[in-house]
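Asker: Okay, so here is entry_5.pdb, and as you'll see once you scroll down, it has PDB, C-alpha atoms and all ligand atoms.
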```pdb
MODEL        1
ATOM      1  CA  ASP A   1      23.714  -5.998   8.864
ATOM      2  CA  VAL A   2      26.185  -5.414  11.693
ATOM      3  CA  MET A   3      25.034  -1.787  11.672
ATOM      4  CA  ARG A   4      21.386  -2.844  11.920
ATOM      5  CA  GLU A   5      22.326  -5.052  14.845
ATOM      6  CA  VAL A   6      24.077  -2.167  16.591
ATOM      7  CA  LEU A   7      21.146   0.165  16.026
ATOM      8  CA  GLY A   8      18.831  -2.370  17.617
ATOM      9  CA  LEU A   9      16.712  -2.674  14.485
ATOM     10  CA  LYS A  10      16.955  -6.464  14.438
ATOM     11  CA  ASP A  11      15.672  -6.554  17.976
ATOM     12  CA  LEU A  12      12.819  -4.189  17.114
ATOM     13  CA  GLU A  13      11.843  -6.413  14.203
ATOM     14  CA  LYS A  14      11.674  -9.418  16.476
ATOM     15  CA  LYS A  15       9.524  -7.626  19.032
ATOM     16  CA  LEU A  16       7.267  -6.216  16.359
ATOM     17  CA  LYS A  17       6.643  -9.625  14.824
ATOM     18  CA  HIS A  18       5.602 -10.817  18.237
ATOM     19  CA  THR A  19       3.393  -7.779  19.003
ATOM     20  CA  LEU A  20       1.611  -7.786  15.658
ATOM     21  CA  HIS A  21       1.565 -11.565  15.150
ATOM     22  CA  ILE A  22       3.091 -11.270  11.703
ATOM     23  CA  GLU A  23       5.877 -13.190   9.998
ATOM     24  CA  ASP A  24       7.801 -10.653   8.008
ATOM     25  CA  VAL A  25       8.895  -7.190   9.149
ATOM     26  CA  ILE A  26      11.617  -4.782   8.117
ATOM     27  CA  VAL A  27      12.307  -1.753  10.325
ATOM     28  CA  VAL A  28      14.472   1.127   9.081
ATOM     29  CA  ALA A  29      16.109   3.720  11.332
ATOM     30  CA  GLY A  30      14.344   7.021  12.131
ATOM     31  CA  ASP A  31      10.782   8.317  12.197
ATOM     32  CA  SER A  32       9.245   9.484   8.948
ATOM     33  CA  ASP A  33       6.939  11.872  10.849
ATOM     34  CA  LEU A  34      10.030  13.818  11.863
ATOM     35  CA  SER A  35      12.478  13.295   8.987
ATOM     36  CA  PRO A  36      11.275  13.084   5.396
ATOM     37  CA  TRP A  37      14.297  11.045   4.272
ATOM     38  CA  VAL A  38      13.091   8.099   6.342
ATOM     39  CA  LYS A  39      10.372   7.478   3.735
ATOM     40  CA  LYS A  40      13.128   7.025   1.195
ATOM     41  CA  GLU A  41      14.860   4.566   3.518
ATOM     42  CA  MET A  42      11.637   2.547   3.664
ATOM     43  CA  GLY A  43      11.609   2.877  -0.113
ATOM     44  CA  ARG A  44      15.101   1.469  -0.341
ATOM     45  CA  ALA A  45      14.160  -1.469   1.893
ATOM     46  CA  CYS A  46      11.041  -2.083  -0.179
ATOM     47  CA  VAL A  47      13.000  -2.134  -3.425
ATOM     48  CA  ALA A  48      15.442  -4.689  -1.973
ATOM     49  CA  CYS A  49      12.526  -6.775  -0.749
ATOM     50  CA  MET A  50      10.912  -6.681  -4.195
ATOM     51  CA  LYS A  51      14.099  -7.654  -5.962
ATOM     52  CA  GLU A  52      14.481 -10.684  -3.733
ATOM     53  CA  ARG A  53      11.009 -11.869  -4.609
ATOM     54  CA  LEU A  54      10.526 -11.031  -8.260
ATOM     55  CA  THR A  55      10.925 -13.785 -10.782
ATOM     56  CA  ASP A  56      11.346 -13.447 -14.521
ATOM     57  CA  LYS A  57       7.813 -12.388 -15.401
ATOM     58  CA  ASN A  58       5.894 -10.206 -13.000
ATOM     59  CA  ILE A  59       2.906  -7.974 -12.698
ATOM     60  CA  VAL A  60       3.318  -5.580  -9.817
ATOM     61  CA  ALA A  61       0.258  -3.620  -8.643
ATOM     62  CA  VAL A  62       0.895  -0.439  -6.665
ATOM     63  CA  THR A  63      -1.220   2.054  -4.737
ATOM     64  CA  GLY A  64      -0.753   5.786  -4.455
ATOM     65  CA  GLY A  65       0.404   7.884  -1.498
ATOM     66  CA  THR A  66       3.512   9.787  -0.471
ATOM     67  CA  THR A  67       5.174   6.644   0.886
ATOM     68  CA  LEU A  68       4.738   4.771  -2.393
ATOM     69  CA  ALA A  69       5.998   7.876  -4.204
ATOM     70  CA  ALA A  70       9.197   7.542  -2.126
ATOM     71  CA  VAL A  71       9.409   3.851  -3.038
ATOM     72  CA  ALA A  72       9.214   4.803  -6.727
ATOM     73  CA  GLU A  73      11.932   7.389  -6.195
ATOM     74  CA  MET A  74      14.332   4.702  -4.928
ATOM     75  CA  MET A  75      13.805   2.191  -7.724
ATOM     76  CA  THR A  76      16.657   1.178  -9.991
ATOM     77  CA  PRO A  77      16.843  -1.171 -12.972
ATOM     78  CA  ASP A  78      17.612  -4.776 -12.166
ATOM     79  CA  SER A  79      19.406  -6.809 -14.781
ATOM     80  CA  LYS A  80      17.878 -10.070 -13.553
ATOM     81  CA  GLN A  81      14.293  -8.991 -14.013
ATOM     82  CA  SER A  82      13.751  -7.554 -17.436
ATOM     83  CA  ASP A  83      10.071  -8.259 -17.529
ATOM     84  CA  VAL A  84       8.169  -6.260 -14.931
ATOM     85  CA  LEU A  85       4.799  -4.745 -15.706
ATOM     86  CA  PHE A  86       3.543  -2.109 -13.256
ATOM     87  CA  VAL A  87      -0.185  -1.487 -12.891
ATOM     88  CA  PRO A  88      -2.200   0.651 -10.458
ATOM     89  CA  ALA A  89      -3.876  -1.524  -7.830
ATOM     90  CA  ARG A  90      -7.212   0.290  -7.903
ATOM     91  CA  GLY A  91      -8.949   3.064  -9.805
ATOM     92  CA  GLY A  92      -9.054   6.710  -8.735
ATOM     93  CA  LEU A  93      -9.353   7.243  -4.998
ATOM     94  CA  GLY A  94      -9.439  11.022  -4.945
ATOM     95  CA  GLU A  95      -5.737  11.738  -4.525
ATOM     96  CA  ASP A  96      -3.721  14.607  -5.998
ATOM     97  CA  VAL A  97      -2.033  13.690  -9.265
ATOM     98  CA  LYS A  98       1.417  13.263  -7.705
ATOM     99  CA  ASN A  99       0.029  10.810  -5.161
ATOM    100  CA  GLN A 100      -2.081   8.788  -7.561
ATOM    101  CA  ALA A 101      -1.422   5.129  -8.236
ATOM    102  CA  ASN A 102      -1.281   5.787 -11.998
ATOM    103  CA  THR A 103       1.472   8.381 -11.574
ATOM    104  CA  ILE A 104       3.505   6.186  -9.237
ATOM    105  CA  CYS A 105       3.133   3.169 -11.458
ATOM    106  CA  ALA A 106       4.433   5.091 -14.496
ATOM    107  CA  LYS A 107       7.323   6.424 -12.423
ATOM    108  CA  MET A 108       8.309   2.946 -11.242
ATOM    109  CA  ALA A 109       8.330   1.669 -14.803
ATOM    110  CA  GLU A 110      10.459   4.593 -15.921
ATOM    111  CA  LYS A 111      12.994   4.092 -13.109
ATOM    112  CA  THR A 112      13.309   0.347 -13.647
ATOM    113  CA  MET A 113      13.013   0.457 -17.448
ATOM    114  CA  GLY A 114       9.960  -1.749 -17.116
ATOM    115  CA  ASN A 115       6.485  -1.412 -18.611
ATOM    116  CA  TYR A 116       3.254  -0.003 -17.273
ATOM    117  CA  ARG A 117      -0.442   0.152 -18.001
ATOM    118  CA  LEU A 118      -2.781   2.786 -16.615
ATOM    119  CA  LEU A 119      -6.338   2.638 -15.435
ATOM    120  CA  HIS A 120      -8.531   5.554 -16.471
ATOM    121  CA  VAL A 121     -11.535   5.328 -14.226
ATOM    122  CA  PRO A 122     -12.698   8.585 -12.618
ATOM    123  CA  ASP A 123     -14.074   8.797  -9.069
ATOM    124  CA  HIS A 124     -17.737   9.175  -8.180
ATOM    125  CA  LEU A 125     -19.262   7.672 -11.299
ATOM    126  CA  SER A 126     -22.969   6.968 -11.577
ATOM    127  CA  ASN A 127     -23.793   3.281 -11.502
ATOM    128  CA  GLU A 128     -24.640   3.299 -15.183
ATOM    129  CA  ALA A 129     -21.454   5.008 -16.272
ATOM    130  CA  TYR A 130     -19.434   2.711 -14.023
ATOM    131  CA  GLN A 131     -20.988  -0.446 -15.449
ATOM    132  CA  SER A 132     -20.452   0.590 -19.038
ATOM    133  CA  LEU A 133     -16.900   1.790 -18.385
ATOM    134  CA  ILE A 134     -15.766  -1.509 -16.900
ATOM    135  CA  GLU A 135     -17.122  -3.243 -19.975
ATOM    136  CA  GLU A 136     -14.844  -1.183 -22.235
ATOM    137  CA  PRO A 137     -12.284  -3.561 -23.802
ATOM    138  CA  THR A 138      -9.229  -1.454 -22.870
ATOM    139  CA  VAL A 139     -10.372  -1.070 -19.257
ATOM    140  CA  LYS A 140     -11.288  -4.735 -19.089
ATOM    141  CA  GLU A 141      -7.864  -5.726 -20.304
ATOM    142  CA  VAL A 142      -6.047  -3.681 -17.659
ATOM    143  CA  LEU A 143      -8.390  -4.995 -14.964
ATOM    144  CA  GLN A 144      -7.503  -8.503 -16.066
ATOM    145  CA  LEU A 145      -3.795  -7.711 -15.694
ATOM    146  CA  ILE A 146      -4.386  -6.211 -12.252
ATOM    147  CA  LYS A 147      -6.249  -9.300 -11.122
ATOM    148  CA  SER A 148      -3.321 -11.480 -12.149
ATOM    149  CA  SER A 149      -0.630  -9.536 -10.232
ATOM    150  CA  SER A 150       1.992 -11.581  -8.480
ATOM    151  CA  MET A 151       2.920  -8.717  -6.175
ATOM    152  CA  VAL A 152       1.015  -5.856  -4.572
ATOM    153  CA  ILE A 153       2.738  -2.931  -2.872
ATOM    154  CA  HIS A 154       0.567  -0.555  -0.873
ATOM    155  CA  GLY A 155       0.619   2.106   1.810
ATOM    156  CA  ILE A 156      -1.343   2.231   5.051
ATOM    157  CA  GLY A 157      -2.817   5.486   6.269
ATOM    158  CA  ASP A 158      -4.539   6.912   9.317
ATOM    159  CA  ALA A 159      -8.275   6.727   8.522
ATOM    160  CA  ILE A 160      -9.282  10.317   9.247
ATOM    161  CA  THR A 161      -6.140  11.774   7.659
ATOM    162  CA  MET A 162      -6.844   9.829   4.481
ATOM    163  CA  ALA A 163     -10.575  10.572   4.423
ATOM    164  CA  GLU A 164      -9.845  14.285   4.731
ATOM    165  CA  ARG A 165      -7.065  14.225   2.152
ATOM    166  CA  ARG A 166      -9.426  12.562  -0.320
ATOM    167  CA  LYS A 167     -12.182  15.122   0.151
ATOM    168  CA  THR A 168     -14.551  12.333   1.154
ATOM    169  CA  PRO A 169     -18.242  13.274   0.833
ATOM    170  CA  GLU A 170     -19.828  14.353   4.138
ATOM    171  CA  GLU A 171     -22.064  11.295   4.316
ATOM    172  CA  ASP A 172     -19.156   8.853   4.049
ATOM    173  CA  MET A 173     -17.088  10.965   6.430
ATOM    174  CA  GLU A 174     -19.767  10.582   9.080
ATOM    175  CA  LYS A 175     -19.909   6.842   8.531
ATOM    176  CA  ILE A 176     -16.119   6.564   8.827
ATOM    177  CA  LYS A 177     -16.179   8.443  12.137
ATOM    178  CA  ALA A 178     -19.286   6.777  13.558
ATOM    179  CA  ARG A 179     -17.775   3.352  12.940
ATOM    180  CA  TYR A 180     -14.459   4.313  14.550
ATOM    181  CA  ALA A 181     -12.246   3.745  11.545
ATOM    182  CA  VAL A 182      -8.553   4.004  12.439
ATOM    183  CA  ALA A 183      -6.782   2.595   9.375
ATOM    184  CA  GLU A 184      -7.018   2.968   5.629
ATOM    185  CA  ALA A 185      -5.456   1.032   2.778
ATOM    186  CA  PHE A 186      -6.287   1.165  -0.944
ATOM    187  CA  GLY A 187      -9.653   2.770  -0.303
ATOM    188  CA  TYR A 188     -10.751   0.422   2.486
ATOM    189  CA  TYR A 189     -11.294   1.758   6.001
ATOM    190  CA  PHE A 190     -10.756  -0.476   9.054
ATOM    191  CA  ASN A 191     -11.650  -0.229  12.749
ATOM    192  CA  GLN A 192      -9.155  -1.170  15.446
ATOM    193  CA  GLU A 193     -10.120  -4.831  15.159
ATOM    194  CA  GLY A 194      -9.103  -4.769  11.514
ATOM    195  CA  GLU A 195     -12.711  -5.044  10.292
ATOM    196  CA  VAL A 196     -13.765  -3.189   7.153
ATOM    197  CA  VAL A 197     -16.166  -0.379   8.072
ATOM    198  CA  HIS A 198     -16.245   1.469   4.762
ATOM    199  CA  LYS A 199     -14.838   1.133   1.266
ATOM    200  CA  VAL A 200     -14.500   3.506  -1.637
ATOM    201  CA  LYS A 201     -16.261   1.946  -4.567
ATOM    202  CA  THR A 202     -13.819   1.519  -7.403
ATOM    203  CA  VAL A 203     -12.425  -1.056  -9.785
ATOM    204  CA  GLY A 204      -9.209  -3.063  -9.453
ATOM    205  CA  ILE A 205      -7.895  -5.123  -6.544
ATOM    206  CA  GLN A 206     -10.424  -5.830  -3.836
ATOM    207  CA  LEU A 207      -9.431  -6.847  -0.318
ATOM    208  CA  GLU A 208     -10.441 -10.470  -0.858
ATOM    209  CA  ASP A 209      -8.178 -10.676  -3.935
ATOM    210  CA  LEU A 210      -5.080 -10.150  -1.798
ATOM    211  CA  GLU A 211      -5.349 -13.708  -0.479
ATOM    212  CA  HIS A 212      -4.431 -14.986  -3.917
ATOM    213  CA  VAL A 213      -1.492 -12.644  -4.487
ATOM    214  CA  GLN A 214       1.868 -14.269  -3.913
ATOM    215  CA  HIS A 215       3.644 -11.294  -2.348
ATOM    216  CA  VAL A 216       1.904  -8.422  -0.598
ATOM    217  CA  ILE A 217       4.106  -5.657   0.782
ATOM    218  CA  ALA A 218       2.730  -2.923   3.061
ATOM    219  CA  VAL A 219       4.921   0.153   3.482
ATOM    220  CA  ALA A 220       4.028   2.590   6.257
ATOM    221  CA  GLY A 221       5.945   4.409   8.964
ATOM    222  CA  GLY A 222       5.886   7.275  11.446
ATOM    223  CA  ALA A 223       4.683   7.092  15.056
ATOM    224  CA  SER A 224       1.422   8.749  13.948
ATOM    225  CA  LYS A 225       0.546   5.654  11.932
ATOM    226  CA  ALA A 226       1.064   3.138  14.767
ATOM    227  CA  LYS A 227      -2.672   2.638  15.428
ATOM    228  CA  ALA A 228      -3.411   2.301  11.727
ATOM    229  CA  ILE A 229      -0.647  -0.247  11.168
ATOM    230  CA  LYS A 230      -1.753  -2.311  14.143
ATOM    231  CA  ALA A 231      -5.381  -2.397  12.975
ATOM    232  CA  TYR A 232      -4.593  -3.115   9.343
ATOM    233  CA  MET A 233      -2.104  -5.905  10.070
ATOM    234  CA  LYS A 234      -4.704  -7.756  12.154
ATOM    235  CA  GLN A 235      -6.391  -8.863   8.982
ATOM    236  CA  ALA A 236      -3.208  -9.193   6.904
ATOM    237  CA  PRO A 237      -0.901 -11.485   8.907
ATOM    238  CA  HIS A 238       0.793 -12.820   5.785
ATOM    239  CA  SER A 239       1.748  -9.457   4.355
ATOM    240  CA  ILE A 240       5.305  -8.183   4.611
ATOM    241  CA  LEU A 241       5.476  -4.980   6.644
ATOM    242  CA  ILE A 242       8.117  -2.358   5.932
ATOM    243  CA  THR A 243       8.092   0.328   8.580
ATOM    244  CA  ASP A 244      10.331   2.679  10.551
ATOM    245  CA  GLU A 245      11.640   2.933  14.097
ATOM    246  CA  GLY A 246       9.127   5.658  14.977
ATOM    247  CA  ALA A 247       6.146   3.432  14.250
ATOM    248  CA  ALA A 248       7.831   0.309  15.625
ATOM    249  CA  ARG A 249       8.640   1.861  19.012
ATOM    250  CA  ALA A 250       5.131   3.309  19.331
ATOM    251  CA  LEU A 251       3.631  -0.087  18.461
ATOM    252  CA  ILE A 252       5.706  -1.926  21.027
ATOM    253  CA  ARG A 253       4.926   0.655  23.736
ATOM    254  CA  GLU A 254       1.163   0.279  23.316
TER     255      GLU A 254
HETATM  256  C1  LIG B 301      -3.053   5.834  -0.639
HETATM  257  C2  LIG B 301      -3.132   4.356  -0.683
HETATM  258  O1  LIG B 301      -2.843   6.356  -1.904
HETATM  259  O2  LIG B 301      -1.996   6.199   0.241
HETATM  260  C3  LIG B 301      -3.411   3.858   0.683
HETATM  261  O3  LIG B 301      -4.153   3.928  -1.567
HETATM  262  C4  LIG B 301      -2.529   4.435   1.752
HETATM  263  O4  LIG B 301      -3.260   2.459   0.643
HETATM  264  C5  LIG B 301      -2.239   5.890   1.573
HETATM  265  O5  LIG B 301      -3.147   4.284   2.995
HETATM  266  C6  LIG B 301      -1.056   6.318   2.431
HETATM  267  O6  LIG B 301      -0.575   7.570   2.063
HETATM  268  P1  LIG B 301       0.785   8.147   2.572
HETATM  269  O7  LIG B 301       0.882   9.487   1.898
HETATM  270  O8  LIG B 301       0.655   8.261   4.060
HETATM  271  O9  LIG B 301       1.854   7.223   2.157
ENDMDL
END
```
I'd like the structure from this file rewritten - as structure tokens, please.

Answerer:
Amino acid sequence: DVMREVLGLKDLEKKLKHTLHIEDVIVVAGDSDLSPWVKKEMGRACVACMKERLTDKNIVAVTGGTTLAAVAEMMTPDSKQSDVLFVPARGGLGEDVKNQANTICAKMAEKTMGNYRLLHVPDHLSNEAYQSLIEEPTVKEVLQLIKSSSMVIHGIGDAITMAERRKTPEEDMEKIKARYAVAEAFGYYFNQEGEVVHKVKTVGIQLEDLEHVQHVIAVAGGASKAKAIKAYMKQAPHSILITDEGAARALIRE
């Protein structure tokens, strides 16, 4: 902690809380746009934050993304919490396998010697197929578990970067641009006021469900994500933000 004081991280956290009007922020040193290891540092901070908040029985829902993959990488077993069940927060969102919530959730369970359940719901289903799939008992059961999570950990992305990475259909792409989306999180796209302007239709946690989740942790860093973080946090003042110096300095400068 003395080191964090010396590096000015404590001071950055204080300023960031004030700028973003949020209660809980952790800033790690560096800029993940420039140095890949900074994502792992955010991962380490996230793991510590989780361990402080987990009780004896927990369901932890996680999203995909490279940042969450780094969080998974940093996880270690915790003797106090033997009973953690990891679930993906939402169904397929068009990510590569290594960045998918299912993959990350299995990895977290493996690293912590916890349990996991997967959600097998493909993207772009017809309405009919979608309706019948969510009525399947195994899918229903996992959805039930997801809805009762006590903790959600998710990334925040730049809207256009995420829409392109997900190979978003042209029609949706146009909508995302026309409505000036700047931020993305778990398949929702937000404008700079933090209003939802588009959402990918899929099962699992919906934005309004987050209100009832005890602990919500957003992990996102890099100066390039400053706008996205600012917009997203406008509608999530009670979430814990774990970020890096790169994003924090850019946010304070704005
Ligand atoms: C997605 C999450 O998988 O990753 C989003 O569903 C998040 O919530 C995105 O915005 C961020 O990705 P990355 O690679 O920048 O961590």

Asker: Using only C-alpha atoms, pick whichever of A:Ala183, A:Leu133, A:Leu145, A:Ala231 has the shortest atom-to-atom distance to Ile160 in chain A.

Answerer: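 Checking each candidate against Ile160 in chain A, we get A:Ala183 as the closest.
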
Asker: Please tabulate, as JSON lines, the residues of chain A that come within 8 Å of ligand LIG 301 (chain B), each with its closest pair of atoms and the distance in Å to one decimal, counting all atoms listed in the file and ordering rows by chain, then residue number upward.

Answerer:
```
{"residue": "A:Thr63", "atom": "CA", "partner": "B:LIG301", "partner_atom": "O3", "distance": 4.7}
{"residue": "A:Gly64", "atom": "CA", "partner": "B:LIG301", "partner_atom": "O1", "distance": 3.3}
{"residue": "A:Gly65", "atom": "CA", "partner": "B:LIG301", "partner_atom": "O2", "distance": 3.4}
{"residue": "A:Thr66", "atom": "CA", "partner": "B:LIG301", "partner_atom": "O7", "distance": 3.6}
{"residue": "A:Thr67", "atom": "CA", "partner": "B:LIG301", "partner_atom": "O9", "distance": 3.6}
{"residue": "A:Leu68", "atom": "CA", "partner": "B:LIG301", "partner_atom": "O9", "distance": 5.9}
{"residue": "A:Ala69", "atom": "CA", "partner": "B:LIG301", "partner_atom": "O9", "distance": 7.6}
{"residue": "A:Arg90", "atom": "CA", "partner": "B:LIG301", "partner_atom": "O3", "distance": 7.9}
{"residue": "A:Leu93", "atom": "CA", "partner": "B:LIG301", "partner_atom": "O3", "distance": 7.1}
{"residue": "A:Glu95", "atom": "CA", "partner": "B:LIG301", "partner_atom": "O1", "distance": 6.6}
{"residue": "A:Asn99", "atom": "CA", "partner": "B:LIG301", "partner_atom": "O1", "distance": 6.2}
{"residue": "A:Gln100", "atom": "CA", "partner": "B:LIG301", "partner_atom": "O1", "distance": 6.2}
{"residue": "A:Ala101", "atom": "CA", "partner": "B:LIG301", "partner_atom": "O1", "distance": 6.6}
{"residue": "A:His154", "atom": "CA", "partner": "B:LIG301", "partner_atom": "O4", "distance": 5.1}
{"residue": "A:Gly155", "atom": "CA", "partner": "B:LIG301", "partner_atom": "C4", "distance": 3.9}
{"residue": "A:Ile156", "atom": "CA", "partner": "B:LIG301", "partner_atom": "O5", "distance": 3.4}
{"residue": "A:Gly157", "atom": "CA", "partner": "B:LIG301", "partner_atom": "O5", "distance": 3.5}
{"residue": "A:Asp158", "atom": "CA", "partner": "B:LIG301", "partner_atom": "O5", "distance": 7.0}
{"residue": "A:Ala159", "atom": "CA", "partner": "B:LIG301", "partner_atom": "O5", "distance": 7.9}
{"residue": "A:Met162", "atom": "CA", "partner": "B:LIG301", "partner_atom": "C5", "distance": 6.7}
{"residue": "A:Ala183", "atom": "CA", "partner": "B:LIG301", "partner_atom": "O5", "distance": 7.5}
{"residue": "A:Glu184", "atom": "CA", "partner": "B:LIG301", "partner_atom": "O5", "distance": 4.9}
{"residue": "A:Ala185", "atom": "CA", "partner": "B:LIG301", "partner_atom": "O4", "distance": 3.4}
{"residue": "A:Phe186", "atom": "CA", "partner": "B:LIG301", "partner_atom": "O3", "distance": 3.5}
{"residue": "A:Gly187", "atom": "CA", "partner": "B:LIG301", "partner_atom": "O3", "distance": 5.8}
{"residue": "A:Tyr188", "atom": "CA", "partner": "B:LIG301", "partner_atom": "O4", "distance": 8.0}
{"residue": "A:Val219", "atom": "CA", "partner": "B:LIG301", "partner_atom": "O9", "distance": 7.8}
{"residue": "A:Ala220", "atom": "CA", "partner": "B:LIG301", "partner_atom": "O9", "distance": 6.6}
```

Asker: Place a sphere of radius 12 Å on (6.2, -3.1, 25.8) in the file coordinates and name every protein, DNA or RNA residue with an atom inside or on its surface, counting only C-alpha atoms; give the answer as a PyMOL selection string.

Answerer: chain A and resi 12+15-16+18-19+248-254

Asker: With all atoms listed in the file as the counted atoms, please give the residues lying no more than 12 Å from Ile22 in chain A, apart from itself and same-chain residues fewer than 3 positions off, as number ranges by chain.

Answerer: A: 13-19, 25-26, 229-230, 232-242

Asker: Would you write out, as number ranges by chain, every residue that the PyMOL selection byres (((chain A and resi 80) around 10) and not hetatm) captures in this file?

Answerer: A: 51, 54-56, 77-79, 81-83

Asker: Box for range 85-93 of chain A: with edges along x, y and z, all listed atoms inside and 3 Å added on each side, what are the centre and edge lengths in Å to one decimal, as AutoDock Vina command-line options?

Answerer:
```
--center_x -2.3 --center_y 1.2 --center_z -10.4 --size_x 20.2 --size_y 18.0 --size_z 16.7
```

Asker: Quick one: pull the distance between CA of Met151 in chain A and CA of Gly222 in chain A, Å, one decimal.

Answerer: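 It comes out at 24.0 Å.
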
Asker: How many Å separate CA of Thr161 in chain A from CA of Trp37 in chain A?

Answerer: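 CA of Thr161 in chain A sits 20.7 Å away from CA of Trp37 in chain A.
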
Asker: One decimal, in Å: what's the spacing between CA of Asn115 in chain A and CA of Pro88 in chain A?

Answerer: 12.1 Å

Asker: Neighbouring residues of Ala70 in chain A were defined as those with any atom within 8 Å, considering all atoms listed in the file; residues of the same chain fewer than 6 positions away were excluded. Please report them as a PyMOL selection string.

Answerer: chain A and resi 39-40+43

Asker: From the list A:Lys147, A:His198, A:Lys175, A:Lys167, which residue is nearest Leu210 in chain A when using all atoms listed in the file?

Answerer: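 Smallest separation from Leu210 in chain A among the options: A:Lys147.
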
Asker: For this structure, which residues satisfy the selection - the PyMOL selection byres (((chain A and resi 76) around 9) and not hetatm) - when it is evaluated on the file as given? I want them as an MDAnalysis selection string.

Answerer: chainID A and resid 47 72:75 77:78 108 111:113

Asker: Determine, counting only C-alpha atoms, which protein, DNA and RNA residues have an atom within 6 Å of an atom of Ala61 in chain A; residues of the same chain fewer than 5 positions away are not included. Present the result as a PyMOL selection string.

Answerer: chain A and resi 86-89+152

Asker: With only C-alpha atoms as the atoms that count, which of A:Leu9, A:Ala228, A:Val71, A:Met3 lies nearest to Val38 in chain A?

Answerer: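 Comparing A:Leu9, A:Ala228, A:Val71, A:Met3 against Val38 in chain A, the winner is A:Val71.
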
Asker: Mind listing as a list in words all residues within 10 Å of (-16.0, -0.5, 8.6), counting all atoms listed in the file?

Answerer: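 Collected hits near the coordinates: Lys175, Ile176, Lys177, Ala178, Arg179, Tyr180, Ala181, Val182, Ala183, Tyr188, Tyr189, Phe190, Asn191, Gln192, Glu193, Gly194, Glu195, Val196, Val197, His198 and Lys199 of chain A.
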
Asker: What do you get, as a ChimeraX atom specification, if you spell out every residue that the PyMOL selection byres (((chain A and resi 202) around 12) and not hetatm) selects here?

Answerer: /A:89-94,119-127,130-131,133-134,143,186-188,199-201,203-207
